[in-house]
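Here the structure comes first, spelled out in structure tokens, and everything after it is commentary.
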There are 2 protein chains.
Amino acid sequence: MCHGDDVNCPHFAVHYKTFKEDMNVERRGFLKSSFAAAGGLAALGAGTMTLVTPELAKASAAKQPAKQSYHYLPANADTVHWGYFSKTLKPQVEVDSGDIITIETLTHHAADDLERMVKGDEGAESVYLWTKDKKGVDRRGAGPTDPAVYKKGSGEGMGVHIMTGPVYVRGAEPGDILEVRIIDCVPRPSANPDFKGKAFGSNAAANWGFHYNHLLDGKKREVITIYEIDATGGRNWAQAAYNFQWVPQKDPFGVMHETIDYPGVPVDHSTTKRNYDVLKGVRLPIRPHFGTLGLAPAEVDFVDTIPPSYTGGNIDNWRIGKGATMYYPVSVAGAMLSVGDPHASQGDSELCGTAIECSLTGTFQLIVHKKADLAGTPLEELNYPMLETKDDWLVHGFSFANYLQELGSGAQTEIYSKSSVDLALRDAFKKMRHFLMKTKGLTEDEAISLMSIGVDFGITQVVDGNWGVHAIVKKDIFAGMAA
Amino acid sequence: MCHGDDVNCPHFAVHYKTFKEDMNVERRGFLKSSFAAAGGLAALGAGTMTLVTPELAKASAAKQPAKQSYHYLPANADTVHWGYFSKTLKPQVEVDSGDIITIETLTHHAADDLERMVKGDEGAESVYLWTKDKKGVDRRGAGPTDPAVYKKGSGEGMGVHIMTGPVYVRGAEPGDILEVRIIDCVPRPSANPDFKGKAFGSNAAANWGFHYNHLLDGKKREVITIYEIDATGGRNWAQAAYNFQWVPQKDPFGVMHETIDYPGVPVDHSTTKRNYDVLKGVRLPIRPHFGTLGLAPAEVDFVDTIPPSYTGGNIDNWRIGKGATMYYPVSVAGAMLSVGDPHASQGDSELCGTAIECSLTGTFQLIVHKKADLAGTPLEELNYPMLETKDDWLVHGFSFANYLQELGSGAQTEIYSKSSVDLALRDAFKKMRHFLMKTKGLTEDEAISLMSIGVDFGITQVVDGNWGVHAIVKKDIFAGMAA
């Protein structure tokens, strides 16, 4: 009998629909179960030495409803916005401080292999739908949406990430801090029965990569490598499936894309040359995390998702995964949190332009800390995105801490030509100095000495317009301090 | 009875001399014992997945004497050179390939607190001797030695590290690789009975630091923080003892030093204001390592020790400690290895200009790999200093891979104004690409993809003229590859 896998069956269409629905139920069940597997609510709040003092925790908890609610936000054409943050968007869901939410996220590189990363996945199919007549999500980027103006496509690809959200957090106002605890983070299994139990990601060595003008033969090329991940969790490493060199692609609207210059252009694999003899035996440890997680900034209505800034966004630090907590300064009412750019793994610097871009589902707890309660706590005056892991605190320096403000009206284009690691290091130095002085009560001289001997500065990314350097300080350095 | 600790005893001078000798015997014994404690020869060669293939190991071993010899090189005015590498130096010791050598090293910041770091220590006292008539080691730096020319002092402080050596390795010739295994690395205990069981280091937030022009009050200041380390090994963290702001110091020859501009200027603590209320409760994990370890380059007779280059030198990577192995391209006959700039701890970037500068004693095994045996092995074509740890391989990128060659006759001054992290990242990218292609047989496309998703780029230092970025790749990524 046909299980939706025999195109010659007279009832194929019906069988296939049933199969897809079953798959989606199964997959949705898998994604939902990950929260329970992570220990659910019971696992929360077990951390020690967090930036939230017991007094602040109490004050913030007192403003929460008596009972925490659980929400689920799937990813589909109705729940995502592609390529931009915007305070003007209608929230997809409203939550209270303290609530838990599971959010599906889709990689914006799935069109590199629709068969493995989209086919059979209703949510992804609705987002990636693109025929000569219709796009599931038309606008992709913060750029022009007027067909008379844009050249590459609506939004012009000025911003590329598929963002699920925004989530409106009741009670969050400018000046507050939103604490985002990442409770879980799991790969989204392929919905194509040919690849059952597997998940896939794409790595694009792209024109915006740090390597691009320095290839050995002096010529330019873009190369996509597709990676396979064990979606059952049995293996903690990824392996390459195949690679191919990008060749110009005509999108369904008829626009030619000589390079990777617009997100979601479906790759026609009759035009590519796949090479399956790639990275044989190489096992890449997976580090599932969200490349882009952050809040809508107040400065501009439509903000390119590529450059990270003071409200977070595309920080691209692989440590922003399961077990980590982010603290963001709230810039607009409701915080307006969006999540996207899921990665199965990335190295510090994201050298070639991308990570293993792989759809993930995350579970988060969102907690509002009100400005009035922050005085005298480590979160007072926090005006940058801060990461806390089990062992470390990290600040994120950018070439421009708030480029929208610093670079003025031309910020969204100028940022792409003004960055350097040196500038990002300077910003990371200043933020770590602030953190150590404010949070640990150190003098400037103490903070500077400590930074040279006990803080590690690493290169987060050099491919996101506003380049990043992170600074890591171990919590146990302070274990002997009086509270 | 007076044990050399009662200045009122009529025989104090004799007792004190006996005490000092006993101390030195005891300390020397302690330092020597560290090699045995580390397992001695039996501990060697247990590593797996090293860059030395079994065939190469066999070929290299065949050229070694049947029996390995053990050598001990103390640090004193006769065995050190201060502030420069030089192929023209007379070797302090000649060893065979495969031999073990323990080398004492002295920090060049000990004059920040002579009482804790020099007093009673015969070797250090001979090096730091500086009266109005005599300097234990006159030349400090690669600069002019003509009193009619120099302004700060002989050598002009163009290079600052006290280097023990050089060690001449028989059979090493240009084109060969010298493998340097760091078997042990222990702090040098204070010889002052007031500080028995402790070791000390100095951290200078100095004029060459990355922070210097960005202090909160807009003014410039240099601050020294003295750190205390448990020399018995009972505690694996350092704590601050006190700090003081640098005030102009007149050296014994009468030259005023407004800033820290010449190494070994004795600080007169009647002119400083010590602050003991510093970093209370803060525990800095120690990471003992050698900031400057490398070979004499062929290009120039006297080379400033500050900028690192292709033969190693002042790489300032805290991972170059116990258990690590360095591979250096040999540039001159005998390799001419020198060691100095010992650090108790440092963070990636060495932001304020220095680490915890603390005298250490290291034990090394030196192995020559002949050029003719390198063909087809991972060490073929290696023309940069490479670090191997238990878990990782690291390449070191510099703003200029070989600045002496690239910048020409003015290299030794120009290097101080031409560096950036961006350039160092580019060099690290190129070296890691070379390493992955050469060593693991990857194509360029494979190497570039792997670098973006599985290699971490960090900032080694931004204070050594030739700025550094390291790239870390985990060995176990390749565990599944066919040998």
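Quick note on naming: the chains in the structure tokens go A, B, ... in the order shown, residues restart at 1 in each chain, and ligands are numbered from 1 in order of appearance.
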Contacts between chain B and chain A, please, where a residue of chain A counts if it comes within 8 Å (with only C-alpha atoms); show its shortest atom pair and distance in Å to one decimal, rows by chain and ascending number, as CSV.
residue,atom,partner,partner_atom,distance
A:Asn203,CA,B:Ser449,CA,6.8
A:Ala204,CA,B:Ser449,CA,7.7
A:Ala205,CA,B:Ser449,CA,6.4
A:Phe210,CA,B:Arg426,CA,8.0
A:His211,CA,B:Phe429,CA,7.7
A:Leu216,CA,B:Glu444,CA,7.9
A:Val223,CA,B:Asp445,CA,7.0
A:Thr225,CA,B:Ser449,CA,7.3
A:Val278,CA,B:Glu446,CA,6.8
A:Leu279,CA,B:Glu446,CA,6.2
A:Lys280,CA,B:Met481,CA,6.7
A:Gly281,CA,B:Met481,CA,4.2
A:Val282,CA,B:Phe478,CA,5.2
A:Arg283,CA,B:Ile477,CA,4.8
A:Leu284,CA,B:Ile477,CA,5.6
A:Pro285,CA,B:Ile477,CA,7.2
A:Ser345,CA,B:Ile453,CA,5.7
A:Gln346,CA,B:Ile453,CA,3.9
A:Gly347,CA,B:Ile453,CA,4.6
A:Asp348,CA,B:Asp456,CA,4.2
A:Ser349,CA,B:Phe457,CA,5.9
A:Glu350,CA,B:Ser452,CA,4.5
A:Leu351,CA,B:Ser452,CA,4.6
A:Cys352,CA,B:Ser452,CA,5.4
A:Gly353,CA,B:Ser452,CA,7.3
A:Thr354,CA,B:Ser452,CA,6.9
A:Ala355,CA,B:Ile453,CA,5.3
A:Ile356,CA,B:Ile453,CA,6.5
A:Ser420,CA,B:Asp422,CA,6.6
A:Val421,CA,B:Asp422,CA,5.7
A:Asp422,CA,B:Val421,CA,5.7
A:Arg426,CA,B:Phe210,CA,8.0
A:Phe429,CA,B:His211,CA,7.7
A:Leu442,CA,B:Leu279,CA,7.1
A:Glu444,CA,B:Leu216,CA,7.9
A:Asp445,CA,B:Val223,CA,7.1
A:Glu446,CA,B:Leu279,CA,6.2
A:Ile448,CA,B:Cys352,CA,6.5
A:Ser449,CA,B:Ala205,CA,6.4
A:Met451,CA,B:Leu351,CA,6.6
A:Ser452,CA,B:Glu350,CA,4.5
A:Ile453,CA,B:Gln346,CA,3.9
A:Gly454,CA,B:Gly347,CA,4.9
A:Val455,CA,B:Gly347,CA,4.9
A:Asp456,CA,B:Asp348,CA,4.2
A:Phe457,CA,B:Asp348,CA,5.3
A:Gly458,CA,B:Gly458,CA,4.1
A:Ile459,CA,B:Gly458,CA,5.4
A:Asp476,CA,B:Arg283,CA,7.7
A:Ile477,CA,B:Arg283,CA,4.8
A:Phe478,CA,B:Val282,CA,5.2
A:Ala479,CA,B:Val282,CA,7.4
A:Gly480,CA,B:Gly281,CA,4.7
A:Met481,CA,B:Gly281,CA,4.2
A:Ala482,CA,B:Gly281,CA,7.0
If you count only C-alpha atoms, which residues fall within 8 Å of stretch 171-188 of chain A, apart from same-chain ones fewer than 4 positions away, as a VMD selection string? chain A and resid 27 31 34 to 35 38 44 96 to 97 199 231 288 to 289 320 to 335 344 358 to 371 379 382
Do a neighbour search on stretch 130-138 of chain A at 8 Å with only C-alpha atoms, toss out local chain neighbours closer than 3 positions, and write the hits as a PyMOL selection string. chain A and resi 77+81-82+126-127+154+252-254
For B:Ala401, the nearest of the candidates B:Val463, B:Met163, B:Ile315, B:Leu374, counting only C-alpha atoms: B:Ile315
